[in-house]
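Reading through the structure tokens given below for one structure.
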Amino acid sequence: MESVMLSNGVKMPVLGYGVYQVAAEECERCVLDALKVGYRSLDTAQSYFNEAQVGSAMRKSGVPREEIFLTTKVWVEHYGYEAAKASVLESMEKLQTDYLDLVLLHQPFGDYYGAYRALEDLYIQGRVRAIGVSNFYPDRLVDLVSFAHIRPMVNQVEIHPYHQQAEAKTWMEKYSVQAEAWAPFGEGRGGLFTDPVLLEIGRRYGKSAAQVVLRWHLQRGVVVIPKSTHVERMRENFDVFDFALSDADMTAIAALDKKKSAFFSHQDPNMVEWFVRMVEERSSKGSAAAESQS
């Protein structure tokens, strides 16, 4: 597996397996399948509610822990120094590991400065090999890069051919922050998998539109974590290292950029309010569950 060197010297696989929206009841099976296919980078998050299943699959797989690059993310309700630090340690227990390869702050809201200080301390203590953020737009990324003690090494954001994030990527490169795509296919929205440009490029190489998209990401220097619950698709997504897109191909795909999110904008006040409501609802449910158990 090819890898990129993060700013602190840690190697990160360029292609990993993401478990966003993989239900807990099938997550263990999916991660085992991915590891059998050859994936050695796994991406989960506290908000996915499947960390325990990822940990169980890793243990059952027989793949040595040191061969797996494991990422999780801290959710907003755990922001603030003490809460974030405790949540990461809890994630380690669920994942059945005594260290994490990468921990990200999942959203750019709330006390992310306090949460990031917790990640810095865990990094200094050797419990976490690399730290970073997710969904941080250039302004907030530059803010954190400029005033944090340890610069974030990764920023995981929405990147796909219809939302290529050229400006954001330029800012990441300026500060040696590795770009990672959390939606490398944009979930197929807008007809991405049937886009005639991608299909024609794929036809010439004997590859699918999805494989062309992944290859495009890799040649742009973007780490990808495609998700699938089907082992055949996992194999297809993994089979992207035996061809290279030409400059003309890259230019044609660059022209597909709509410069607009296929999902939502973190700079939209309505979306910020939605996140606030979601955090409040999750917190109230957690408190109710705790009271019922006491």
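All residue names refer to the structure tokens as shown: chains lettered A, B, ... in order, residues numbered from 1 in each chain, ligands numbered from 1 in order.
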
Within 8 Å of region 129-135 of chain A using only C-alpha atoms, minus same-chain residues under 5 positions, as a PDB file with C-alpha atoms, in the first residue's frame:
ATOM      1  CA  ASN A   8       5.442  14.825  11.880  1.00  0.00           C
ATOM      2  CA  VAL A  10       4.225   9.405  10.487  1.00  0.00           C
ATOM      3  CA  TYR A  99      -2.869   3.924  21.156  1.00  0.00           C
ATOM      4  CA  LEU A 100      -4.458   5.553  18.135  1.00  0.00           C
ATOM      5  CA  ASP A 101      -2.730   6.446  14.902  1.00  0.00           C
ATOM      6  CA  LEU A 102      -4.841   9.526  14.205  1.00  0.00           C
ATOM      7  CA  VAL A 103      -7.484  11.431  16.158  1.00  0.00           C
ATOM      8  CA  LEU A 104      -9.467  14.250  14.581  1.00  0.00           C
ATOM      9  CA  LEU A 105     -11.879  16.852  15.913  1.00  0.00           C
ATOM     10  CA  HIS A 106     -15.010  16.036  13.934  1.00  0.00           C
ATOM     11  CA  GLN A 107     -16.619  19.480  13.593  1.00  0.00           C
ATOM     12  CA  PRO A 108     -15.485  23.134  13.839  1.00  0.00           C
ATOM     13  CA  LEU A 119      -5.301  15.983  21.612  1.00  0.00           C
ATOM     14  CA  GLU A 120      -1.983  17.828  21.876  1.00  0.00           C
ATOM     15  CA  TYR A 123       0.071  13.268  21.339  1.00  0.00           C
ATOM     16  CA  ARG A 151      -0.139  22.028  14.069  1.00  0.00           C
ATOM     17  CA  PRO A 152      -2.889  19.669  12.884  1.00  0.00           C
ATOM     18  CA  MET A 153      -1.464  17.084  10.526  1.00  0.00           C
ATOM     19  CA  VAL A 154      -4.680  16.147   8.690  1.00  0.00           C
ATOM     20  CA  ASN A 155      -7.901  17.888   7.680  1.00  0.00           C
ATOM     21  CA  GLN A 156     -10.659  15.502   6.595  1.00  0.00           C
ATOM     22  CA  VAL A 157     -13.174  17.324   4.416  1.00  0.00           C
ATOM     23  CA  GLU A 158     -15.706  16.788   1.643  1.00  0.00           C
ATOM     24  CA  HIS A 266     -20.666  24.535   7.872  1.00  0.00           C
TER      25      HIS A 266
END

Using only C-alpha atoms, find each residue of region 176-236 of chain A with at least one atom at most 12 Å away from an atom of region 15-34 of chain A; report its shortest atom-to-atom pair and that distance in Å (one decimal), sort the rows by chain and rising residue number, and return the result as JSON lines.
{"residue": "A:Glu180", "atom": "CA", "partner": "A:Leu15", "partner_atom": "CA", "distance": 9.7}
{"residue": "A:Ala181", "atom": "CA", "partner": "A:Leu15", "partner_atom": "CA", "distance": 10.2}
{"residue": "A:Trp182", "atom": "CA", "partner": "A:Gly18", "partner_atom": "CA", "distance": 8.1}
{"residue": "A:Ala183", "atom": "CA", "partner": "A:Gly18", "partner_atom": "CA", "distance": 9.5}
{"residue": "A:Pro184", "atom": "CA", "partner": "A:Gly18", "partner_atom": "CA", "distance": 10.6}
{"residue": "A:Glu187", "atom": "CA", "partner": "A:Gln21", "partner_atom": "CA", "distance": 11.2}
{"residue": "A:Gln211", "atom": "CA", "partner": "A:Leu15", "partner_atom": "CA", "distance": 11.9}
{"residue": "A:Leu214", "atom": "CA", "partner": "A:Leu15", "partner_atom": "CA", "distance": 8.7}
{"residue": "A:Arg215", "atom": "CA", "partner": "A:Leu15", "partner_atom": "CA", "distance": 10.1}
{"residue": "A:His217", "atom": "CA", "partner": "A:Leu15", "partner_atom": "CA", "distance": 9.9}
{"residue": "A:Leu218", "atom": "CA", "partner": "A:Leu15", "partner_atom": "CA", "distance": 8.3}
{"residue": "A:Gln219", "atom": "CA", "partner": "A:Leu15", "partner_atom": "CA", "distance": 12.0}
{"residue": "A:Gly221", "atom": "CA", "partner": "A:Leu15", "partner_atom": "CA", "distance": 11.0}
{"residue": "A:Val222", "atom": "CA", "partner": "A:Leu15", "partner_atom": "CA", "distance": 9.2}
{"residue": "A:Val223", "atom": "CA", "partner": "A:Leu15", "partner_atom": "CA", "distance": 6.0}
{"residue": "A:Val224", "atom": "CA", "partner": "A:Leu15", "partner_atom": "CA", "distance": 5.1}
{"residue": "A:Ile225", "atom": "CA", "partner": "A:Gly16", "partner_atom": "CA", "distance": 4.5}
{"residue": "A:Pro226", "atom": "CA", "partner": "A:Tyr17", "partner_atom": "CA", "distance": 5.7}
{"residue": "A:Lys227", "atom": "CA", "partner": "A:Gly18", "partner_atom": "CA", "distance": 4.9}
{"residue": "A:Ser228", "atom": "CA", "partner": "A:Val19", "partner_atom": "CA", "distance": 8.0}
{"residue": "A:Thr229", "atom": "CA", "partner": "A:Cys30", "partner_atom": "CA", "distance": 5.8}
{"residue": "A:His230", "atom": "CA", "partner": "A:Cys30", "partner_atom": "CA", "distance": 7.6}
{"residue": "A:Val231", "atom": "CA", "partner": "A:Asp33", "partner_atom": "CA", "distance": 6.2}
{"residue": "A:Glu232", "atom": "CA", "partner": "A:Asp33", "partner_atom": "CA", "distance": 9.7}
{"residue": "A:Arg233", "atom": "CA", "partner": "A:Ala34", "partner_atom": "CA", "distance": 10.0}
{"residue": "A:Met234", "atom": "CA", "partner": "A:Ala34", "partner_atom": "CA", "distance": 6.6}
{"residue": "A:Arg235", "atom": "CA", "partner": "A:Ala34", "partner_atom": "CA", "distance": 8.2}
{"residue": "A:Glu236", "atom": "CA", "partner": "A:Ala34", "partner_atom": "CA", "distance": 11.4}

Between CA of Leu42 (chain A) and CA of Ala168 (chain A), distance in Å (one decimal)
24.1 Å

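Each of A:Gly202, A:Gly80, A:Gly110, A:Pro138 was compared to Val177 (chain A) using only C-alpha atoms, and A:Pro138 turns out to be the nearest.
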
DSSP strand (DSSP E or B) selection over region 24-112 of chain A, as a PDB file with N, CA and C atoms, in the first residue's frame:
ATOM      1  N   SER A  41      -5.844   0.705   6.634  1.00  0.00           N
ATOM      2  CA  SER A  41      -6.228   1.966   7.262  1.00  0.00           C
ATOM      3  C   SER A  41      -7.729   1.921   7.505  1.00  0.00           C
ATOM      4  N   LEU A  42      -8.143   2.157   8.746  1.00  0.00           N
ATOM      5  CA  LEU A  42      -9.554   2.122   9.125  1.00  0.00           C
ATOM      6  C   LEU A  42      -9.943   3.463   9.715  1.00  0.00           C
ATOM      7  N   ASP A  43     -11.092   3.973   9.296  1.00  0.00           N
ATOM      8  CA  ASP A  43     -11.557   5.278   9.766  1.00  0.00           C
ATOM      9  C   ASP A  43     -12.937   5.142  10.390  1.00  0.00           C
ATOM     10  N   PHE A  69      -3.449   1.361  10.458  1.00  0.00           N
ATOM     11  CA  PHE A  69      -3.502   2.793  10.752  1.00  0.00           C
ATOM     12  C   PHE A  69      -4.941   3.097  11.149  1.00  0.00           C
ATOM     13  N   LEU A  70      -5.162   3.389  12.421  1.00  0.00           N
ATOM     14  CA  LEU A  70      -6.508   3.512  12.971  1.00  0.00           C
ATOM     15  C   LEU A  70      -6.836   4.963  13.310  1.00  0.00           C
ATOM     16  N   THR A  71      -7.952   5.433  12.753  1.00  0.00           N
ATOM     17  CA  THR A  71      -8.407   6.808  12.969  1.00  0.00           C
ATOM     18  C   THR A  71      -9.768   6.824  13.643  1.00  0.00           C
ATOM     19  N   THR A  72      -9.940   7.715  14.620  1.00  0.00           N
ATOM     20  CA  THR A  72     -11.273   8.015  15.137  1.00  0.00           C
ATOM     21  C   THR A  72     -11.389   9.518  15.304  1.00  0.00           C
ATOM     22  N   LYS A  73     -12.622   9.972  15.595  1.00  0.00           N
ATOM     23  CA  LYS A  73     -12.887  11.403  15.670  1.00  0.00           C
ATOM     24  C   LYS A  73     -13.683  11.723  16.931  1.00  0.00           C
ATOM     25  N   VAL A  74     -13.368  12.869  17.530  1.00  0.00           N
ATOM     26  CA  VAL A  74     -14.053  13.326  18.737  1.00  0.00           C
ATOM     27  C   VAL A  74     -15.299  14.111  18.335  1.00  0.00           C
ATOM     28  N   LEU A 100      -3.760   5.274  19.387  1.00  0.00           N
ATOM     29  CA  LEU A 100      -4.458   5.553  18.135  1.00  0.00           C
ATOM     30  C   LEU A 100      -3.482   6.193  17.163  1.00  0.00           C
ATOM     31  N   LEU A 102      -4.392   8.178  14.547  1.00  0.00           N
ATOM     32  CA  LEU A 102      -4.841   9.526  14.205  1.00  0.00           C
ATOM     33  C   LEU A 102      -6.152   9.814  14.914  1.00  0.00           C
ATOM     34  N   VAL A 103      -6.237  10.971  15.552  1.00  0.00           N
ATOM     35  CA  VAL A 103      -7.484  11.431  16.158  1.00  0.00           C
ATOM     36  C   VAL A 103      -7.791  12.817  15.609  1.00  0.00           C
ATOM     37  N   LEU A 104      -9.025  12.989  15.164  1.00  0.00           N
ATOM     38  CA  LEU A 104      -9.467  14.250  14.581  1.00  0.00           C
ATOM     39  C   LEU A 104     -10.595  14.860  15.399  1.00  0.00           C
ATOM     40  N   LEU A 105     -10.682  16.175  15.419  1.00  0.00           N
ATOM     41  CA  LEU A 105     -11.879  16.852  15.913  1.00  0.00           C
ATOM     42  C   LEU A 105     -12.877  16.857  14.769  1.00  0.00           C
TER      43      LEU A 105
END

So that I can see what lies close to Leu95 (chain A), please list as a PyMOL selection string the residues with an atom at most 9 Å from it, counting only C-alpha atoms and leaving out residues fewer than 5 positions away in the same chain.
chain A and resi 51-56+58+90
